[in-house]
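What follows is the content of model-v7.cif, which has mmCIF, C-alpha atoms:
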```
data_start
#
loop_
_atom_site.label_atom_id
_atom_site.label_comp_id
_atom_site.auth_asym_id
_atom_site.auth_seq_id
_atom_site.Cartn_x
_atom_site.Cartn_y
_atom_site.Cartn_z
CA MET L 1 21.90 9.61 90.16
CA ASP L 2 18.94 11.93 90.17
CA THR L 3 17.57 13.02 86.76
CA ASP L 4 18.24 16.73 87.30
CA ARG L 5 21.87 16.00 88.11
CA LEU L 6 22.12 13.74 85.07
CA ILE L 7 20.81 16.53 82.81
CA ALA L 8 23.33 18.94 84.35
CA SER L 9 26.16 16.46 83.72
CA LEU L 10 25.02 15.80 80.15
CA THR L 11 24.87 19.49 79.31
CA GLU L 12 28.34 20.06 80.78
CA ASP L 13 29.57 17.29 78.49
CA ALA L 14 27.77 18.73 75.44
CA ASP L 15 30.64 19.37 73.06
CA PRO L 16 29.64 20.38 69.53
CA VAL L 17 28.92 17.31 67.40
CA GLN L 18 29.33 16.85 63.69
CA ARG L 19 25.88 16.22 62.26
CA LEU L 20 25.50 12.93 60.42
CA PRO L 21 25.03 13.57 56.67
CA SER L 22 21.79 12.37 55.08
CA PRO L 23 21.50 8.64 54.23
CA TRP L 24 21.82 9.43 50.50
CA VAL L 25 25.03 11.40 51.04
CA ARG L 26 26.40 8.65 53.27
CA THR L 27 25.51 6.07 50.60
CA ALA L 28 27.41 8.14 48.03
CA LEU L 29 30.43 8.29 50.40
CA TRP L 30 30.29 4.56 51.01
CA PHE L 31 29.98 3.88 47.30
CA ALA L 32 32.90 6.19 46.55
CA MET L 33 35.01 4.21 49.02
CA ALA L 34 33.83 0.77 47.89
CA VAL L 35 33.98 1.11 44.10
CA PRO L 36 37.76 1.71 43.78
CA TYR L 37 38.38 -1.36 45.98
CA VAL L 38 36.04 -3.50 43.86
CA ALA L 39 37.77 -2.21 40.72
CA VAL L 40 41.20 -3.14 42.13
CA ILE L 41 40.02 -6.66 43.01
CA VAL L 42 38.48 -7.10 39.54
CA MET L 43 41.74 -5.98 37.92
CA MET L 44 43.75 -8.31 40.16
CA MET L 45 41.53 -11.26 39.35
CA VAL L 46 41.69 -10.37 35.61
CA PRO L 47 38.38 -9.32 33.98
CA ARG L 48 36.68 -12.00 31.93
CA ASP L 49 37.64 -12.22 28.22
CA ASP L 50 34.10 -11.85 26.93
CA LEU L 51 33.29 -8.77 29.03
CA ALA L 52 32.84 -6.50 26.00
CA VAL L 53 30.43 -9.03 24.46
CA LYS L 54 28.56 -9.39 27.76
CA PHE L 55 27.84 -5.67 27.79
CA THR L 56 25.59 -6.28 24.81
CA ASP L 57 23.82 -9.19 26.55
CA PHE L 58 20.48 -7.79 27.79
CA ARG L 59 20.00 -10.32 30.60
CA TYR L 60 23.55 -9.86 31.87
CA LEU L 61 23.08 -6.09 31.89
CA VAL L 62 19.72 -6.28 33.67
CA GLU L 63 21.14 -8.59 36.32
CA GLN L 64 24.26 -6.49 36.86
CA ILE L 65 22.27 -3.24 37.09
CA ALA L 66 19.75 -4.89 39.41
CA ALA L 67 22.57 -6.23 41.64
CA LEU L 68 24.13 -2.76 41.75
CA CYS L 69 20.79 -1.10 42.50
CA THR L 70 20.10 -3.69 45.21
CA ALA L 71 23.44 -2.80 46.80
CA ILE L 72 22.69 0.92 46.61
CA GLY L 73 19.09 0.53 47.81
CA ALA L 74 20.20 -1.66 50.70
CA ALA L 75 22.90 0.87 51.65
CA VAL L 76 20.38 3.76 51.65
CA ALA L 77 17.95 1.69 53.75
CA ALA L 78 20.74 0.65 56.14
CA PHE L 79 21.83 4.27 56.65
CA GLN L 80 18.22 5.38 57.12
CA SER L 81 17.61 2.63 59.65
CA ILE L 82 20.13 4.15 62.07
CA VAL L 83 18.52 7.61 61.95
CA PRO L 84 15.52 7.98 64.30
CA GLY L 85 12.31 9.37 62.84
CA TYR L 86 12.17 7.70 59.43
CA ASP L 87 9.24 5.54 58.41
CA ARG L 88 10.12 1.87 58.83
CA ARG L 89 8.74 1.07 55.38
CA PHE L 90 11.97 2.41 53.88
CA LEU L 91 13.59 -0.85 55.04
CA LEU L 92 11.82 -2.47 52.07
CA LEU L 93 13.55 -0.15 49.58
CA PRO L 94 16.02 -2.74 48.21
CA LEU L 95 13.18 -5.18 47.55
CA VAL L 96 12.37 -3.43 44.26
CA PRO L 97 15.74 -3.98 42.51
CA LEU L 98 16.12 -7.31 44.31
CA SER L 99 12.87 -8.58 42.82
CA VAL L 100 14.01 -7.45 39.34
CA TRP L 101 17.28 -9.31 39.89
CA LEU L 102 15.52 -12.47 41.10
CA ALA L 103 12.93 -12.26 38.32
CA SER L 104 15.65 -12.03 35.65
CA VAL L 105 17.62 -14.95 37.10
CA GLY L 106 14.40 -16.89 37.66
CA GLU L 107 13.29 -16.34 34.09
CA GLY L 108 16.65 -17.67 32.88
CA CYS L 109 16.17 -20.79 35.03
CA VAL L 110 12.66 -21.38 33.64
CA GLU L 111 13.92 -20.94 30.08
CA ALA L 112 16.74 -23.43 30.66
CA TRP L 113 14.29 -25.85 32.26
CA LEU L 114 11.92 -25.57 29.29
CA ARG L 115 14.85 -26.25 26.97
CA GLY L 116 15.55 -29.29 29.11
CA GLY L 117 19.12 -28.35 29.99
CA ALA L 118 18.68 -26.66 33.34
CA PHE L 119 20.27 -29.37 35.45
CA GLN L 120 22.82 -30.65 32.92
CA ASP L 121 25.10 -27.63 33.38
CA PHE L 122 24.70 -27.53 37.13
CA THR L 123 27.99 -28.10 38.92
CA SER L 124 29.45 -27.09 42.25
CA ASP L 125 30.95 -23.61 42.26
CA PHE L 126 32.07 -23.01 45.81
CA LEU L 127 34.54 -20.39 44.57
CA CYS L 128 31.65 -17.92 44.47
CA ILE L 129 31.42 -17.82 48.27
CA PRO L 130 34.97 -16.64 49.06
CA ALA L 131 35.06 -14.52 45.88
CA ILE L 132 31.92 -12.56 46.80
CA ALA L 133 33.15 -12.31 50.40
CA LEU L 134 36.53 -11.01 49.18
CA VAL L 135 35.02 -8.37 46.88
CA GLY L 136 32.57 -7.39 49.61
CA THR L 137 35.07 -7.27 52.50
CA LEU L 138 36.09 -3.62 52.41
CA PRO L 139 32.57 -2.39 51.57
CA ALA L 140 31.29 -4.47 54.51
CA VAL L 141 33.90 -3.10 56.93
CA ALA L 142 33.24 0.46 55.78
CA MET L 143 29.50 -0.12 56.11
CA ALA L 144 29.90 -1.51 59.65
CA LEU L 145 31.99 1.46 60.76
CA MET L 146 29.53 3.92 59.23
CA LEU L 147 26.50 2.19 60.77
CA ARG L 148 28.05 2.37 64.24
CA LYS L 149 27.92 6.17 64.03
CA GLY L 150 24.13 6.09 64.22
CA ALA L 151 21.43 4.93 66.61
CA PRO L 152 21.16 1.13 66.98
CA LEU L 153 17.38 1.11 66.52
CA TRP L 154 16.96 -2.15 64.61
CA PRO L 155 20.33 -3.92 64.85
CA HIS L 156 19.42 -7.06 62.92
CA ALA L 157 17.67 -5.23 60.08
CA SER L 158 20.44 -2.60 59.79
CA ALA L 159 23.17 -5.23 59.75
CA ALA L 160 21.29 -7.41 57.25
CA LEU L 161 20.78 -4.43 54.93
CA GLY L 162 24.45 -3.50 55.29
CA GLY L 163 25.39 -7.09 54.49
CA LEU L 164 23.09 -7.12 51.47
CA ALA L 165 24.69 -3.89 50.22
CA ALA L 166 28.22 -5.28 50.55
CA ALA L 167 27.35 -8.74 49.17
CA GLY L 168 25.34 -7.24 46.29
CA LEU L 169 28.33 -5.13 45.34
CA GLY L 170 30.53 -8.19 45.78
CA ASN L 171 28.37 -10.15 43.35
CA PHE L 172 28.45 -7.26 40.87
CA GLY L 173 32.26 -7.34 41.01
CA LEU L 174 32.38 -11.13 40.80
CA ARG L 175 30.49 -11.23 37.52
CA LEU L 176 33.06 -8.92 35.95
CA PHE L 177 35.81 -11.55 36.34
CA HIS L 178 33.96 -14.85 36.86
CA GLY L 179 32.63 -16.34 33.61
CA GLN L 180 29.58 -18.14 34.96
CA ASP L 181 26.26 -17.00 33.51
CA ALA L 182 24.05 -20.12 33.61
CA SER L 183 20.95 -18.87 35.45
CA LEU L 184 20.65 -21.82 37.81
CA MET L 185 24.33 -21.51 38.73
CA VAL L 186 23.89 -17.77 39.27
CA LEU L 187 20.77 -18.37 41.36
CA VAL L 188 22.25 -21.07 43.57
CA TRP L 189 25.87 -20.03 43.96
CA GLN L 190 25.83 -16.26 43.52
CA VAL L 191 22.41 -15.12 44.69
CA GLY L 192 22.56 -17.91 47.29
CA THR L 193 25.86 -16.56 48.63
CA VAL L 194 24.45 -13.03 48.75
CA PHE L 195 21.48 -14.29 50.79
CA MET L 196 23.69 -16.36 53.03
CA LEU L 197 25.97 -13.38 53.79
CA THR L 198 22.91 -11.15 54.35
CA VAL L 199 21.44 -13.60 56.84
CA LEU L 200 24.81 -14.00 58.60
CA CYS L 201 25.22 -10.24 58.92
CA GLY L 202 21.65 -9.88 60.18
CA TRP L 203 22.25 -12.60 62.74
CA ALA L 204 25.35 -10.80 64.01
CA GLY L 205 23.52 -7.46 64.14
CA ARG L 206 23.42 -7.10 67.89
CA LEU L 207 27.17 -7.71 68.15
CA LEU L 208 27.68 -4.70 65.93
CA LEU L 209 24.85 -2.41 66.97
CA ASP L 210 23.56 -2.27 70.52
CA TRP L 211 22.41 0.46 72.88
CA ARG L 212 24.39 -0.89 75.83
CA PRO L 213 27.90 0.03 74.62
CA VAL L 214 26.57 3.32 73.19
CA VAL L 215 25.11 4.36 76.56
CA ALA L 216 28.08 2.90 78.46
CA ARG L 217 30.42 5.20 76.49
CA VAL L 218 28.42 8.23 77.64
CA ARG L 219 28.44 6.97 81.25
CA ARG L 220 32.21 6.48 81.15
CA LYS L 221 32.67 9.97 79.77
CA LEU L 222 30.46 11.44 82.48
CA ALA L 223 32.31 9.50 85.16
CA ALA L 224 35.65 10.76 83.83
CA HIS L 225 34.54 14.41 84.12
CA MET O 1 18.53 20.46 69.29
CA GLN O 2 20.19 22.26 66.43
CA ALA O 3 21.76 24.68 68.96
CA ALA O 4 22.70 21.75 71.19
CA GLN O 5 24.49 20.07 68.27
CA ALA O 6 26.49 23.27 67.86
CA GLY O 7 27.55 23.05 71.53
CA ASP O 8 25.06 25.53 73.10
CA MET O 9 24.89 24.14 76.64
CA ARG O 10 22.01 26.34 77.79
CA ALA O 11 19.80 25.44 74.84
CA TYR O 12 20.63 21.79 75.37
CA GLU O 13 19.80 21.91 79.07
CA ARG O 14 16.52 23.70 78.34
CA LEU O 15 15.63 21.07 75.76
CA LEU O 16 16.43 18.12 78.04
CA ARG O 17 14.45 19.68 80.91
CA GLU O 18 11.50 20.29 78.59
CA ILE O 19 11.41 16.78 77.17
CA THR O 20 11.96 14.94 80.48
CA PRO O 21 8.34 15.24 81.75
CA ARG O 22 7.13 14.12 78.32
CA LEU O 23 9.44 11.10 78.44
CA ARG O 24 8.30 10.32 81.98
CA GLN O 25 4.70 10.43 80.75
CA ILE O 26 5.47 8.07 77.83
CA VAL O 27 7.27 5.61 80.11
CA ARG O 28 4.51 5.68 82.77
CA LYS O 29 1.85 5.14 80.13
CA ARG O 30 3.67 2.24 78.46
CA ARG O 31 4.98 0.64 81.68
CA GLN O 32 2.14 1.04 84.15
CA PHE O 33 3.50 -1.76 86.37
CA PHE O 34 6.85 0.05 86.86
CA THR O 35 7.70 1.61 90.21
CA ALA O 36 8.60 5.32 90.30
CA GLU O 37 12.25 4.37 90.60
CA GLU O 38 12.12 2.09 87.56
CA VAL O 39 10.36 4.81 85.55
CA GLU O 40 13.11 7.27 86.48
CA ASP O 41 15.83 4.74 85.56
CA LEU O 42 14.29 4.26 82.12
CA VAL O 43 13.87 8.02 81.59
CA GLN O 44 17.56 8.43 82.39
CA GLU O 45 18.47 5.65 79.95
CA ILE O 46 16.49 7.46 77.24
CA LEU O 47 18.20 10.76 78.05
CA LEU O 48 21.60 9.06 77.82
CA SER O 49 20.60 7.51 74.48
CA ILE O 50 19.45 10.88 73.14
CA HIS O 51 22.77 12.38 74.19
CA ALA O 52 24.73 9.55 72.58
CA VAL O 53 23.02 9.83 69.19
CA ARG O 54 22.31 13.57 69.06
CA ALA O 55 24.47 13.79 65.92
CA THR O 56 21.79 11.84 64.03
CA TYR O 57 19.21 14.63 64.34
CA ASP O 58 18.61 16.44 61.06
CA PRO O 59 17.26 20.01 61.58
CA ASN O 60 15.38 19.72 58.28
CA ARG O 61 13.24 16.99 59.78
CA PRO O 62 10.74 17.29 62.67
CA PHE O 63 12.11 16.77 66.17
CA MET O 64 9.24 14.86 67.82
CA PRO O 65 9.33 11.77 65.55
CA TRP O 66 13.09 11.63 66.14
CA LEU O 67 12.59 11.79 69.91
CA SER O 68 9.68 9.37 70.10
CA THR O 69 11.49 6.80 67.92
CA ILE O 70 14.37 6.75 70.40
CA ALA O 71 12.01 6.64 73.40
CA HIS O 72 9.90 3.81 72.00
CA ASN O 73 12.96 1.91 70.85
CA ARG O 74 14.47 2.12 74.34
CA LEU O 75 11.15 1.02 75.84
CA ILE O 76 11.12 -2.07 73.62
CA ASP O 77 14.78 -2.69 74.40
CA SER O 78 14.14 -2.48 78.15
CA ALA O 79 11.16 -4.84 77.87
CA ARG O 80 13.29 -7.33 75.94
CA ARG O 81 16.00 -7.20 78.60
CA PHE O 82 13.38 -7.42 81.38
CA TYR O 83 11.79 -10.57 79.97
CA ARG O 84 15.15 -12.11 79.12
CA GLY O 85 16.28 -11.49 82.70
CA LYS O 86 13.05 -12.98 84.06
CA SER O 87 13.42 -16.09 81.90
CA ASN O 88 16.89 -16.68 83.38
CA GLU O 89 15.69 -16.33 86.98
CA VAL O 90 14.80 -19.45 89.00
CA GLN O 91 12.16 -18.96 91.70
CA MET O 92 13.14 -20.69 94.95
CA ASP O 93 11.53 -21.01 98.38
CA GLU O 94 13.36 -19.24 101.17
CA LEU O 95 15.17 -22.02 103.01
CA PRO O 96 16.81 -21.68 106.44
CA VAL O 97 20.48 -21.09 105.75
CA THR O 98 23.17 -22.23 108.17
CA PHE O 99 24.37 -18.72 108.90
CA ALA O 100 20.88 -17.38 109.53
CA ASP O 101 19.76 -20.32 111.63
CA ASP O 102 19.71 -19.54 115.40
CA TRP O 103 21.10 -22.93 116.34
CA ALA O 104 24.11 -22.43 114.14
CA ASN O 105 24.95 -19.17 115.89
CA ILE O 106 24.65 -20.25 119.54
CA GLU O 107 28.35 -20.84 120.03
CA ASN O 108 29.37 -17.64 118.27
CA GLU O 109 26.98 -15.63 120.37
CA GLU O 110 27.48 -17.28 123.78
CA TYR O 111 31.02 -18.71 123.94
CA ARG O 112 33.08 -15.68 123.22
CA ASP O 113 35.42 -15.86 126.22
CA PRO O 114 38.60 -17.75 125.18
CA GLU O 115 39.83 -17.93 128.79
CA GLU O 116 36.65 -19.69 129.87
CA LEU O 117 37.00 -22.11 127.00
CA THR O 118 40.66 -22.87 127.91
CA ILE O 119 39.64 -23.65 131.50
CA ALA O 120 36.78 -25.85 130.29
CA ILE O 121 39.13 -27.77 127.99
CA LYS O 122 41.58 -28.33 130.87
CA GLY O 123 38.70 -29.77 132.90
CA LEU O 124 37.93 -32.46 130.30
CA PRO O 125 39.00 -36.10 130.79
CA GLU O 126 42.46 -36.73 129.31
CA GLY O 127 41.33 -38.62 126.20
CA GLN O 128 38.76 -35.96 125.27
CA ARG O 129 41.21 -33.11 126.02
CA LYS O 130 43.88 -34.64 123.79
CA ALA O 131 41.30 -35.17 121.03
CA ILE O 132 40.27 -31.50 121.20
CA GLU O 133 43.90 -30.31 121.24
CA MET O 134 44.92 -32.40 118.26
CA LEU O 135 41.83 -32.07 116.06
CA LYS O 136 40.52 -28.59 116.88
CA LEU O 137 43.49 -26.59 118.19
CA ARG O 138 46.34 -28.08 116.14
CA GLU O 139 43.97 -28.88 113.26
CA MET O 140 45.43 -32.34 112.65
CA SER O 141 43.53 -34.77 110.45
CA LEU O 142 41.81 -37.77 112.05
CA LYS O 143 44.45 -40.05 110.52
CA GLU O 144 47.37 -37.99 111.86
CA ALA O 145 45.77 -37.67 115.31
CA ALA O 146 45.09 -41.41 115.45
CA ALA O 147 48.73 -42.15 114.55
CA ALA O 148 50.06 -39.65 117.11
CA SER O 149 47.89 -40.87 119.99
CA GLY O 150 48.06 -44.54 119.15
CA THR O 151 44.29 -44.88 119.06
CA THR O 152 41.73 -45.54 116.32
CA ILE O 153 39.86 -43.00 114.17
CA GLY O 154 36.53 -44.28 115.54
CA ALA O 155 37.66 -43.78 119.13
CA LEU O 156 38.83 -40.24 118.30
CA LYS O 157 35.47 -39.41 116.74
CA ILE O 158 33.69 -40.58 119.90
CA SER O 159 36.10 -38.61 122.08
CA ILE O 160 35.64 -35.39 120.12
CA HIS O 161 31.86 -35.77 120.14
CA ARG O 162 31.81 -36.28 123.90
CA ALA O 163 34.27 -33.44 124.43
CA VAL O 164 32.09 -31.00 122.51
CA LEU O 165 29.02 -32.04 124.52
CA ASN O 166 30.93 -31.64 127.78
CA LEU O 167 32.30 -28.25 126.75
CA ARG O 168 28.84 -27.03 125.75
CA LYS O 169 27.47 -28.22 129.08
CA ALA O 170 30.31 -26.66 131.06
CA LEU O 171 30.15 -23.30 129.30
CA SER O 172 26.37 -23.02 129.43
CA LYS O 173 26.45 -23.62 133.22
CA GLU O 174 28.93 -20.79 133.69
#
```

Output the file's structure in the form of C-alpha cells.
Amino acid sequence: MDTDRLIASLTEDADPVQRLPSPWVRTALWFAMAVPYVAVIVMMMVPRDDLAVKFTDFRYLVEQIAALCTAIGAAVAAFQSIVPGYDRRFLLLPLVPLSVWLASVGEGCVEAWLRGGAFQDFTSDFLCIPAIALVGTLPAVAMALMLRKGAPLWPHASAALGGLAAAGLGNFGLRLFHGQDASLMVLVWQVGTVFMLTVLCGWAGRLLLDWRPVVARVRRKLAAH
Amino acid sequence: MQAAQAGDMRAYERLLREITPRLRQIVRKRRQFFTAEEVEDLVQEILLSIHAVRATYDPNRPFMPWLSTIAHNRLIDSARRFYRGKSNEVQMDELPVTFADDWANIENEEYRDPEELTIAIKGLPEGQRKAIEMLKLREMSLKEAAAASGTTIGALKISIHRAVLNLRKALSKE
C-alpha cells in the first residue's frame, strides 16, 4: 500500500479515543483495585497474632513501608514506561525505596551475624513463594491488562517493573499474616521471591508487550473497513 | 494530535501528512543502507504504531518527544528483527535444480504428442513393450510386474532401460 493511501485509511478509521490517564492516576487506580484484594487474602489467611505489637517494631515498619513504596514506585515507573516521551531515567524510580528495603533487611542480617545466630534460625520456607504469588496474582493481572493499553516501548523493563509492583505488594500482604521476621529468612525467602518473580515477569515481557500484535490489530481493522 | 484524539479526521490527516516527511528523513538518516521501498515500509510501520497508541499522547506534554520516541523505538525494533532474520538465514550456492535443468525438461518439451508415443511403444520389441505397459502405463511395481510376466526384476529393469532408449531414439528421429 502506498503511504498516502495508508494515511487516508488511518484517518477514515480515526474514531475518538479515550486518552490514557497520567501514570500517577493509573497507579492510584491500580492500587485501588489491588488493595481490597490483598486485604481479603490477608483476612482469609488470618492476620498474625502479634500484628499490633509489630506495628511498634521500627524495623518491621520500615521494611513494610519500603516494600509498599517499592510496589508503588515500580507501578508508576511501569505505567510511565508505556507512554512515549518520558525520560528513561524514571525506570530507576523504585530503586530508592528498594534500596531502603534491602538496607534494612541487610542490616538485620549483619546484626544477627554479629550476634552469631544468623544461620542457626535459617530454615526452608518455600511457603513464601506461592503465598507472595497468591497475594500478587490479581495485582499482576490488573497490571498486565493496564500495561497493554500503552505503547510497548521497553517490554522487558515494563513487565519487570509491573512484576516488581505486584510482588512487592504481595510481600507487603504476606508479612501481615506470615510470622517470619528473621532478617536472613526475609532476605532469602521473601525478597528472593520478589526478585525471582520480577525476573520471570521481565523475561516474559515480549509475550505481553510487543509491537507486532498492536500493529496487526490496526491492519486487521483497516482491512475490515 | 489532541484534535485527532477527539476524532477530528481532518486534523489527524493533516498531522500525519506533516509528520511523514520528517519520519522519512529520520528513517533515511538512521538506515542509510535501506532501499527506498524499505524506508517507505518502515515509515508506514511507524505511522501504524502512532495510530495504534495515539491514546497515550498527553496534550500537556510536548508532541515531538512523544513522536520521536515511537519512531526511534520502531527503528530499534526493526533492526532487531532484521538481524534476527539474518542470523536465521543460511547462505547457499545456487545449484542446478532438476526442474530448471535443460536435460530434465527435454521430454516435456519435445515429446508432447501422445499418439506418436503410442505408435513408438507399439514398435518396440515385445519384452520391452510389455515392460513399458506394466511399469509405466499400469504403474505396477517391479515385483508385481515380474510375477505377472514370469521374469526377473533384473530382466525387467534392463528391458525398461532399453525401451526408454529406443523410445527416445524413435521420437527424436520423427

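Here CA of Leu164 (chain L) is placed at a distance of 13.1 Å from CA of Trp101 (chain L).
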
Rank nothing, just name the residue among L:Thr56, L:Ser183, L:Gln190, L:Gln80 nearest to chain O, using all atoms listed in the file. L:Gln80

For the structure provided, state which residues fall under the PyMOL selection byres ((chain L) within 6 of (chain O)), and present them as number ranges by chain. L: 11, 14-17, 19-20, 83-85, 151, 215

Atomic distance CA of Leu98 (chain L) - CA of Thr70 (chain L), expressed in Å with one decimal: 5.5 Å

Excluding Phe177 (chain L) and its own-chain neighbours fewer than 3 positions away, which residues fall within 8 Å of it when counting only C-alpha atoms? Please give them as a ChimeraX atom specification. /L:42,45-48,173-174

Mind giving me the straight-line distance from CA of Pro23 (chain L) to CA of Leu138 (chain L) in Å, one decimal? 19.1 Å

Specify as number ranges by chain each residue included when the PyMOL selection byres ((chain O and resi 120) around 12) is applied to this file. O: 111, 113-119, 121-125, 128-129, 132, 163-174

Quick check on the file I pasted: which residues fall under the PyMOL selection byres ((chain L and resi 202-208) around 6)? Write them as a PyMOL selection string. chain L and resi 155-156+159-160+199-201+209-210

Step by step: start from the point (34.6, 4.7, 50.4) in the file's coordinates, keep every protein, DNA or RNA residue that has an atom no farther than 12 Å from it, count all atoms listed in the file, and write the set as a PyMOL selection string. chain L and resi 25-38+138-143+145-146+166

Excluding Gly154 (chain O) and residues on its chain fewer than 3 positions from it, collect all residues at most 12 Å away from it, counting all atoms listed in the file, and give them as a VMD selection string. chain O and resid 131 142 to 143 145 to 146 151 157 to 161

Save out the residues we just selected, C-alpha atoms, as a tab-separated table (two decimals), in the frame of the given file.
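Full text of part.tsv as output:
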```tsv
chain	number	residue	atom	x	y	z
O	131	ALA	CA	41.30	-35.17	121.03
O	142	LEU	CA	41.81	-37.77	112.05
O	143	LYS	CA	44.45	-40.05	110.52
O	145	ALA	CA	45.77	-37.67	115.31
O	146	ALA	CA	45.09	-41.41	115.45
O	151	THR	CA	44.29	-44.88	119.06
O	157	LYS	CA	35.47	-39.41	116.74
O	158	ILE	CA	33.69	-40.58	119.90
O	159	SER	CA	36.10	-38.61	122.08
O	160	ILE	CA	35.64	-35.39	120.12
O	161	HIS	CA	31.86	-35.77	120.14
```

Spatial neighbours of Glu63 (chain L), max dist 12 Å, all atoms listed in the file, sep filter under 4 positions, as JSON, numbers by chain: {"L": [54, 55, 57, 58, 59, 67, 68, 69, 70, 97, 98, 99, 100, 101, 102, 103, 104, 105, 106, 107, 108, 168, 171, 172, 175, 176, 181, 183, 186, 187, 190, 191]}

Next, the residues of the selection above should be written as a CSV table (one decimal), in the coordinates of the input with C-alpha atoms.
```csv
chain,number,residue,atom,x,y,z
L,54,LYS,CA,28.6,-9.4,27.8
L,55,PHE,CA,27.8,-5.7,27.8
L,57,ASP,CA,23.8,-9.2,26.6
L,58,PHE,CA,20.5,-7.8,27.8
L,59,ARG,CA,20.0,-10.3,30.6
L,67,ALA,CA,22.6,-6.2,41.6
L,68,LEU,CA,24.1,-2.8,41.8
L,69,CYS,CA,20.8,-1.1,42.5
L,70,THR,CA,20.1,-3.7,45.2
L,97,PRO,CA,15.7,-4.0,42.5
L,98,LEU,CA,16.1,-7.3,44.3
L,99,SER,CA,12.9,-8.6,42.8
L,100,VAL,CA,14.0,-7.4,39.3
L,101,TRP,CA,17.3,-9.3,39.9
L,102,LEU,CA,15.5,-12.5,41.1
L,103,ALA,CA,12.9,-12.3,38.3
L,104,SER,CA,15.6,-12.0,35.6
L,105,VAL,CA,17.6,-15.0,37.1
L,106,GLY,CA,14.4,-16.9,37.7
L,107,GLU,CA,13.3,-16.3,34.1
L,108,GLY,CA,16.6,-17.7,32.9
L,168,GLY,CA,25.3,-7.2,46.3
L,171,ASN,CA,28.4,-10.2,43.4
L,172,PHE,CA,28.4,-7.3,40.9
L,175,ARG,CA,30.5,-11.2,37.5
L,176,LEU,CA,33.1,-8.9,36.0
L,181,ASP,CA,26.3,-17.0,33.5
L,183,SER,CA,21.0,-18.9,35.4
L,186,VAL,CA,23.9,-17.8,39.3
L,187,LEU,CA,20.8,-18.4,41.4
L,190,GLN,CA,25.8,-16.3,43.5
L,191,VAL,CA,22.4,-15.1,44.7
```

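For the set L:Arg89, L:Ala224, L:Trp211, L:Arg219, the residue with the smallest atom-to-atom gap to Gly150 (chain L) is L:Trp211, counting all atoms listed in the file.
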
Tell me, as a ChimeraX atom specification, which residues lie within 12 Å of Ala79 (chain O), counting all atoms listed in the file; anything in the same chain fewer than 3 positions away does not count. /O:27,30-31,33-34,38,42,72-76,82-86
